[in-house]
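Shown next: final.tsv, given as TSV, C-alpha atoms.
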```tsv
chain	number	residue	atom	x	y	z
A	13	MET	CA	-7.83	20.35	40.54
A	14	ALA	CA	-4.05	19.97	40.71
A	15	THR	CA	-2.43	18.53	43.81
A	16	VAL	CA	0.39	20.32	45.59
A	17	GLY	CA	3.85	18.76	45.55
A	18	ALA	CA	6.57	18.85	48.22
A	19	ARG	CA	7.86	22.25	47.01
A	20	GLY	CA	4.47	23.90	47.00
A	21	GLY	CA	3.85	23.60	43.25
A	22	PRO	CA	1.60	21.23	41.35
A	23	ASP	CA	2.48	17.54	41.64
A	24	PRO	CA	2.24	16.12	38.09
A	25	ALA	CA	2.91	12.55	39.26
A	26	THR	CA	-0.12	12.58	41.56
A	27	ASP	CA	-2.29	14.22	38.90
A	28	ASP	CA	-1.23	11.50	36.44
A	29	ARG	CA	-2.08	8.72	38.93
A	30	VAL	CA	-5.50	10.23	39.55
A	31	ALA	CA	-6.14	10.48	35.80
A	32	GLN	CA	-5.05	6.85	35.29
A	33	LEU	CA	-7.31	5.70	38.14
A	34	GLU	CA	-10.25	7.61	36.62
A	35	VAL	CA	-9.65	5.85	33.28
A	36	LEU	CA	-9.45	2.48	35.03
A	37	TYR	CA	-12.71	3.25	36.83
A	38	ARG	CA	-14.55	4.22	33.64
A	39	VAL	CA	-13.27	1.13	31.80
A	40	GLU	CA	-13.66	-1.49	34.54
A	41	TYR	CA	-16.39	-0.43	36.97
A	42	ALA	CA	-19.48	-1.80	35.22
A	43	GLY	CA	-17.81	-5.09	34.30
A	44	MET	CA	-16.50	-5.60	37.83
A	45	VAL	CA	-19.96	-4.95	39.30
A	46	ARG	CA	-21.47	-7.49	36.86
A	47	LEU	CA	-18.79	-10.02	37.82
A	48	ALA	CA	-19.34	-9.49	41.55
A	49	TYR	CA	-23.12	-9.62	41.10
A	50	THR	CA	-22.84	-12.88	39.19
A	51	LEU	CA	-20.88	-14.36	42.08
A	52	LEU	CA	-22.96	-12.89	44.91
A	53	ALA	CA	-26.47	-12.33	43.49
A	54	SER	CA	-26.64	-9.02	45.36
A	55	ASN	CA	-26.28	-5.76	43.50
A	56	ALA	CA	-25.69	-3.68	46.64
A	57	GLU	CA	-23.02	-6.05	47.91
A	58	ALA	CA	-21.41	-6.21	44.46
A	59	GLU	CA	-21.21	-2.42	44.22
A	60	GLU	CA	-19.75	-2.15	47.72
A	61	ILE	CA	-17.10	-4.77	46.99
A	62	VAL	CA	-16.10	-3.08	43.74
A	63	GLN	CA	-15.90	0.33	45.43
A	64	ASP	CA	-13.74	-1.12	48.22
A	65	SER	CA	-11.52	-2.76	45.62
A	66	PHE	CA	-11.03	0.55	43.80
A	67	VAL	CA	-10.08	2.17	47.12
A	68	GLU	CA	-7.50	-0.56	47.63
A	69	VAL	CA	-6.13	-0.06	44.11
A	70	HIS	CA	-5.88	3.68	44.74
A	71	ARG	CA	-4.13	3.16	48.06
A	72	ARG	CA	-1.57	0.76	46.55
A	73	TRP	CA	-1.28	2.37	43.09
A	74	ASP	CA	2.49	2.92	43.28
A	75	GLU	CA	3.09	-0.76	44.18
A	76	ILE	CA	0.86	-2.27	41.49
A	77	LEU	CA	2.28	-3.25	38.10
A	78	LYS	CA	-1.06	-4.14	36.45
A	79	PRO	CA	-3.91	-2.19	38.06
A	80	GLY	CA	-6.66	-3.92	36.04
A	81	ALA	CA	-5.45	-7.39	36.98
A	82	TYR	CA	-4.99	-6.34	40.60
A	83	LEU	CA	-8.53	-4.93	40.64
A	84	ARG	CA	-10.00	-8.20	39.29
A	85	CYS	CA	-8.09	-10.19	41.91
A	86	ALA	CA	-9.28	-7.85	44.66
A	87	VAL	CA	-12.91	-8.12	43.54
A	88	VAL	CA	-12.79	-11.91	43.33
A	89	SER	CA	-11.02	-12.18	46.68
A	90	ARG	CA	-13.58	-9.95	48.37
A	91	CYS	CA	-16.42	-11.95	46.77
A	92	ARG	CA	-14.91	-15.16	48.10
A	93	SER	CA	-14.72	-13.63	51.57
A	94	ALA	CA	-18.33	-12.46	51.35
A	95	LEU	CA	-19.45	-15.94	50.30
A	96	GLN	CA	-17.59	-17.48	53.23
A	97	ARG	CA	-19.16	-14.99	55.67
A	98	ARG	CA	-22.67	-15.84	54.50
A	99	LYS	CA	-22.32	-19.62	54.60
A	100	MET	CA	-25.18	-19.74	57.08
A	101	ARG	CA	-27.47	-17.66	54.84
A	102	PRO	CA	-29.20	-19.49	52.00
A	103	TRP	CA	-28.48	-18.52	48.39
A	104	PRO	CA	-31.24	-16.18	47.15
A	105	SER	CA	-34.12	-17.86	45.40
A	106	HIS	CA	-34.92	-17.08	41.80
A	107	GLU	CA	-37.93	-15.04	42.93
A	108	GLU	CA	-35.61	-12.79	44.91
A	109	LEU	CA	-33.35	-12.36	41.93
A	110	ALA	CA	-36.25	-11.43	39.62
A	111	VAL	CA	-34.70	-13.02	36.55
A	112	SER	CA	-36.20	-15.00	33.66
A	113	ASN	CA	-37.29	-18.63	34.13
A	114	GLN	CA	-34.33	-20.07	32.27
A	115	ALA	CA	-31.84	-17.85	34.10
A	116	SER	CA	-33.50	-18.57	37.43
A	117	GLU	CA	-33.02	-22.29	36.82
A	118	LEU	CA	-29.34	-21.62	36.23
A	119	TRP	CA	-29.15	-19.55	39.44
A	120	ASP	CA	-30.73	-22.40	41.37
A	121	VAL	CA	-28.20	-24.86	39.97
A	122	LEU	CA	-25.28	-22.50	40.55
A	123	SER	CA	-26.36	-22.18	44.17
A	124	ARG	CA	-25.81	-25.92	44.60
A	125	LEU	CA	-22.15	-25.70	43.60
A	126	SER	CA	-19.36	-25.10	46.08
A	127	ASP	CA	-18.17	-21.51	46.28
A	128	ASP	CA	-14.90	-22.34	44.50
A	129	GLN	CA	-16.72	-24.23	41.71
A	130	ARG	CA	-19.19	-21.37	41.23
A	131	ILE	CA	-16.43	-18.75	41.18
A	132	ALA	CA	-14.31	-20.76	38.74
A	133	ILE	CA	-17.24	-21.35	36.38
A	134	VAL	CA	-18.34	-17.71	36.46
A	135	LEU	CA	-14.79	-16.47	35.85
A	136	ARG	CA	-14.23	-18.96	33.02
A	137	TYR	CA	-17.53	-18.82	31.17
A	138	TYR	CA	-18.83	-15.37	32.11
A	139	GLY	CA	-15.54	-13.55	32.50
A	140	GLY	CA	-13.73	-15.45	29.74
A	141	TYR	CA	-10.57	-16.01	31.81
A	142	ALA	CA	-8.21	-18.93	31.24
A	143	ALA	CA	-7.72	-21.48	34.01
A	144	SER	CA	-4.21	-20.14	34.63
A	145	ASP	CA	-5.58	-16.60	35.11
A	146	ILE	CA	-8.28	-17.89	37.45
A	147	ALA	CA	-5.63	-19.79	39.40
A	148	GLY	CA	-3.76	-16.54	39.95
A	149	MET	CA	-6.89	-14.72	41.07
A	150	LEU	CA	-7.91	-17.49	43.46
A	151	GLU	CA	-4.35	-18.22	44.59
A	152	MET	CA	-4.64	-21.94	43.89
A	153	PRO	CA	-2.96	-24.32	41.43
A	154	ALA	CA	-4.29	-24.33	37.87
A	155	ALA	CA	-4.96	-28.07	38.21
A	156	THR	CA	-7.29	-27.34	41.13
A	157	VAL	CA	-9.12	-24.72	39.07
A	158	ARG	CA	-9.51	-27.19	36.21
A	159	SER	CA	-10.87	-29.74	38.69
A	160	HIS	CA	-13.40	-27.19	40.02
A	161	LEU	CA	-14.44	-26.41	36.45
A	162	ARG	CA	-14.80	-30.07	35.50
A	163	ARG	CA	-16.78	-31.00	38.62
A	164	GLY	CA	-18.91	-27.86	38.48
A	165	LEU	CA	-19.78	-28.40	34.82
A	166	ALA	CA	-20.66	-32.04	35.51
A	167	THR	CA	-23.02	-30.93	38.27
A	168	LEU	CA	-24.55	-28.22	36.08
A	169	LYS	CA	-25.09	-30.67	33.23
A	170	LYS	CA	-26.65	-33.27	35.51
A	171	GLU	CA	-28.93	-30.77	37.25
A	172	LEU	CA	-30.06	-29.04	34.04
A	173	GLU	CA	-30.89	-32.36	32.34
A	174	GLU	CA	-33.24	-33.39	35.15
```
Can you give me the file's structure in the form of structure tokens?
Amino acid sequence: MATVGARGGPDPATDDRVAQLEVLYRVEYAGMVRLAYTLLASNAEAEEIVQDSFVEVHRRWDEILKPGAYLRCAVVSRCRSALQRRKMRPWPSHEELAVSNQASELWDVLSRLSDDQRIAIVLRYYGGYAASDIAGMLEMPAATVRSHLRRGLATLKKELEE
């Protein structure tokens, strides 16, 4: 359905924005939910965060130069906030996650990492992002991201060898 412009006729600019947002949604939604789930281990929470992030992208569409990058940053930022809010709650056990034995061992080890180490490792090795891209998403220096990656990988290696 066409939107109405200031002069009472169709507003092609708004229709174009809506079409672009729909394309972004179709292309990015599933991947963003997987990313958020990998960080949070909660499908419902991941879906909610991604939906909220799309609402934010829609609201700020005219200000955003790269909607896909902005969306990823919004999802990661909201995941970080969620992790901070649940500091008092324990990370879900592998039984709760209902994943394979090998994957559950990885979940257990990931739960022992700091939030920033876990996020950096997931973004780097699951998301395939470079340290400089992760630094932008997390709003921290690239050297700090590399440090989180190095320390997180050392912990993962040590824990998985035991």
Do a neighbour search on region 75-87 of chain A at 7 Å with only C-alpha atoms, toss out local chain neighbours closer than 5 positions, and write the hits as a CSV table (one decimal) with C-alpha atoms, in the coordinates of the input.
```
chain,number,residue,atom,x,y,z
A,48,ALA,CA,-19.3,-9.5,41.6
A,61,ILE,CA,-17.1,-4.8,47.0
A,62,VAL,CA,-16.1,-3.1,43.7
A,65,SER,CA,-11.5,-2.8,45.6
A,66,PHE,CA,-11.0,0.6,43.8
A,69,VAL,CA,-6.1,-0.1,44.1
A,149,MET,CA,-6.9,-14.7,41.1
```
What does the distance between CA of Glu174 (chain A) and CA of Asp120 (chain A) come to in Å, to one decimal place? 12.9 Å
Gap from CA of Val45 (chain A) to CA of Lys99 (chain A) - Å, one decimal: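 These atoms are spaced 21.3 Å apart.
The space separating CA of Asp64 (chain A) from CA of Leu52 (chain A) comes to 15.3 Å.
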Test item: which residues lie within 12 Å of (-18.3, -23.5, 41.6) counting all atoms listed in the file, as a PDB file with C-alpha atoms, in the frame of the given file:
```
ATOM      1  CA  THR A  50     -22.840 -12.880  39.190  1.00  0.00           C
ATOM      2  CA  LEU A  51     -20.880 -14.360  42.080  1.00  0.00           C
ATOM      3  CA  ARG A  92     -14.910 -15.160  48.100  1.00  0.00           C
ATOM      4  CA  LEU A  95     -19.450 -15.940  50.300  1.00  0.00           C
ATOM      5  CA  TRP A 119     -29.150 -19.550  39.440  1.00  0.00           C
ATOM      6  CA  VAL A 121     -28.200 -24.860  39.970  1.00  0.00           C
ATOM      7  CA  LEU A 122     -25.280 -22.500  40.550  1.00  0.00           C
ATOM      8  CA  SER A 123     -26.360 -22.180  44.170  1.00  0.00           C
ATOM      9  CA  ARG A 124     -25.810 -25.920  44.600  1.00  0.00           C
ATOM     10  CA  LEU A 125     -22.150 -25.700  43.600  1.00  0.00           C
ATOM     11  CA  SER A 126     -19.360 -25.100  46.080  1.00  0.00           C
ATOM     12  CA  ASP A 127     -18.170 -21.510  46.280  1.00  0.00           C
ATOM     13  CA  ASP A 128     -14.900 -22.340  44.500  1.00  0.00           C
ATOM     14  CA  GLN A 129     -16.720 -24.230  41.710  1.00  0.00           C
ATOM     15  CA  ARG A 130     -19.190 -21.370  41.230  1.00  0.00           C
ATOM     16  CA  ILE A 131     -16.430 -18.750  41.180  1.00  0.00           C
ATOM     17  CA  ALA A 132     -14.310 -20.760  38.740  1.00  0.00           C
ATOM     18  CA  ILE A 133     -17.240 -21.350  36.380  1.00  0.00           C
ATOM     19  CA  VAL A 134     -18.340 -17.710  36.460  1.00  0.00           C
ATOM     20  CA  LEU A 135     -14.790 -16.470  35.850  1.00  0.00           C
ATOM     21  CA  ARG A 136     -14.230 -18.960  33.020  1.00  0.00           C
ATOM     22  CA  TYR A 137     -17.530 -18.820  31.170  1.00  0.00           C
ATOM     23  CA  THR A 156      -7.290 -27.340  41.130  1.00  0.00           C
ATOM     24  CA  VAL A 157      -9.120 -24.720  39.070  1.00  0.00           C
ATOM     25  CA  ARG A 158      -9.510 -27.190  36.210  1.00  0.00           C
ATOM     26  CA  SER A 159     -10.870 -29.740  38.690  1.00  0.00           C
ATOM     27  CA  HIS A 160     -13.400 -27.190  40.020  1.00  0.00           C
ATOM     28  CA  LEU A 161     -14.440 -26.410  36.450  1.00  0.00           C
ATOM     29  CA  ARG A 162     -14.800 -30.070  35.500  1.00  0.00           C
ATOM     30  CA  ARG A 163     -16.780 -31.000  38.620  1.00  0.00           C
ATOM     31  CA  GLY A 164     -18.910 -27.860  38.480  1.00  0.00           C
ATOM     32  CA  LEU A 165     -19.780 -28.400  34.820  1.00  0.00           C
ATOM     33  CA  ALA A 166     -20.660 -32.040  35.510  1.00  0.00           C
ATOM     34  CA  THR A 167     -23.020 -30.930  38.270  1.00  0.00           C
ATOM     35  CA  LEU A 168     -24.550 -28.220  36.080  1.00  0.00           C
TER      36      LEU A 168
END
```
Around all of region 40-53 of chain A's listed atoms, make the axis-aligned box with 4 Å on each side and tell me centre and edge lengths in Å to one decimal, as AutoDock Vina command-line options.
```
--center_x -20.1 --center_y -7.4 --center_z 39.6 --size_x 20.8 --size_y 21.9 --size_z 18.6
```
Nearest residue to Asp74 (chain A) out of A:Glu40, A:Glu151, A:Asp28, A:Glu171, using only C-alpha atoms?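 Under the stated criterion, the closest residue is A:Asp28.
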A:Leu47, A:Arg72, A:Val39, A:Lys170: which is nearest Arg90 (chain A), counting all atoms listed in the file?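 Of the candidates, the smallest distance to Arg90 (chain A) is held by A:Leu47.
Proximity ranking of A:Tyr138, A:Ser89, A:Leu172, A:Gln63 relative to Met152 (chain A) places A:Ser89 first, based on all atoms listed in the file.
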Would you kindly return, as a JSON list (two decimals) with C-alpha atoms, in the frame of the given file, each protein, DNA or RNA residue with an atom no farther than 8 Å from any atom of Tyr49 (chain A), considering only C-alpha atoms and excluding same-chain residues fewer than 6 positions away?
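Dumped to selection_38.json:
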```json
[["chain", "number", "residue", "atom", "x", "y", "z"],
["A", 55, "ASN", "CA", -26.28, -5.76, 43.50],
["A", 57, "GLU", "CA", -23.02, -6.05, 47.91],
["A", 58, "ALA", "CA", -21.41, -6.21, 44.46]]
```
Please return region 147-158 of chain A, rebuilt to all heavy atoms, as a short mmCIF file (atom, residue, chain, number, x, y, z; two decimals), keeping the file's coordinate frame.
```cif
data_model
loop_
_atom_site.label_atom_id
_atom_site.label_comp_id
_atom_site.auth_asym_id
_atom_site.auth_seq_id
_atom_site.Cartn_x
_atom_site.Cartn_y
_atom_site.Cartn_z
N ALA A 147 -6.50 -19.26 38.35
CA ALA A 147 -5.63 -19.79 39.40
C ALA A 147 -4.90 -18.66 40.11
O ALA A 147 -4.78 -18.65 41.34
CB ALA A 147 -4.64 -20.79 38.82
N GLY A 148 -4.43 -17.69 39.34
CA GLY A 148 -3.76 -16.54 39.95
C GLY A 148 -4.69 -15.71 40.80
O GLY A 148 -4.33 -15.27 41.89
N MET A 149 -5.91 -15.51 40.32
CA MET A 149 -6.89 -14.72 41.07
C MET A 149 -7.29 -15.42 42.37
O MET A 149 -7.48 -14.77 43.39
CB MET A 149 -8.14 -14.48 40.24
CG MET A 149 -7.98 -13.46 39.15
SD MET A 149 -9.57 -13.19 38.33
CE MET A 149 -9.12 -13.50 36.64
N LEU A 150 -7.44 -16.74 42.30
CA LEU A 150 -7.91 -17.49 43.46
C LEU A 150 -6.76 -18.01 44.33
O LEU A 150 -7.00 -18.63 45.36
CB LEU A 150 -8.78 -18.67 43.01
CG LEU A 150 -10.02 -18.31 42.22
CD1 LEU A 150 -10.80 -19.58 41.86
CD2 LEU A 150 -10.91 -17.36 43.01
N GLU A 151 -5.54 -17.76 43.87
CA GLU A 151 -4.35 -18.22 44.59
C GLU A 151 -4.41 -19.72 44.87
O GLU A 151 -4.27 -20.17 46.00
CB GLU A 151 -4.15 -17.42 45.87
CG GLU A 151 -3.93 -15.94 45.61
CD GLU A 151 -3.81 -15.12 46.88
OE1 GLU A 151 -4.15 -15.61 47.97
OE2 GLU A 151 -3.36 -13.97 46.77
N MET A 152 -4.63 -20.48 43.80
CA MET A 152 -4.64 -21.94 43.89
C MET A 152 -4.03 -22.49 42.61
O MET A 152 -3.97 -21.79 41.60
CB MET A 152 -6.06 -22.48 44.12
CG MET A 152 -7.04 -22.22 43.00
SD MET A 152 -8.71 -22.92 43.25
CE MET A 152 -9.25 -22.21 44.77
N PRO A 153 -3.56 -23.74 42.64
CA PRO A 153 -2.96 -24.32 41.43
C PRO A 153 -3.96 -24.40 40.28
O PRO A 153 -5.17 -24.59 40.48
CB PRO A 153 -2.56 -25.73 41.89
CG PRO A 153 -2.50 -25.67 43.37
CD PRO A 153 -3.50 -24.64 43.79
N ALA A 154 -3.44 -24.26 39.06
CA ALA A 154 -4.29 -24.33 37.87
C ALA A 154 -5.00 -25.68 37.79
O ALA A 154 -6.14 -25.75 37.33
CB ALA A 154 -3.46 -24.07 36.61
N ALA A 155 -4.34 -26.74 38.23
CA ALA A 155 -4.96 -28.07 38.21
C ALA A 155 -6.19 -28.10 39.11
O ALA A 155 -7.21 -28.74 38.78
CB ALA A 155 -3.96 -29.14 38.65
N THR A 156 -6.15 -27.41 40.23
CA THR A 156 -7.29 -27.34 41.13
C THR A 156 -8.43 -26.57 40.48
O THR A 156 -9.60 -26.96 40.57
CB THR A 156 -6.89 -26.68 42.47
OG1 THR A 156 -5.81 -27.42 43.04
CG2 THR A 156 -8.06 -26.65 43.44
N VAL A 157 -8.09 -25.49 39.79
CA VAL A 157 -9.12 -24.72 39.07
C VAL A 157 -9.77 -25.60 38.01
O VAL A 157 -10.99 -25.63 37.88
CB VAL A 157 -8.51 -23.45 38.44
CG1 VAL A 157 -9.51 -22.79 37.50
CG2 VAL A 157 -8.07 -22.47 39.52
N ARG A 158 -8.96 -26.31 37.24
CA ARG A 158 -9.51 -27.19 36.21
C ARG A 158 -10.41 -28.26 36.83
O ARG A 158 -11.46 -28.61 36.27
CB ARG A 158 -8.39 -27.81 35.38
CG ARG A 158 -7.72 -26.81 34.46
CD ARG A 158 -6.77 -27.48 33.47
NE ARG A 158 -5.67 -28.18 34.12
CZ ARG A 158 -4.50 -27.62 34.45
NH1 ARG A 158 -4.27 -26.35 34.18
NH2 ARG A 158 -3.56 -28.34 35.03
#
```
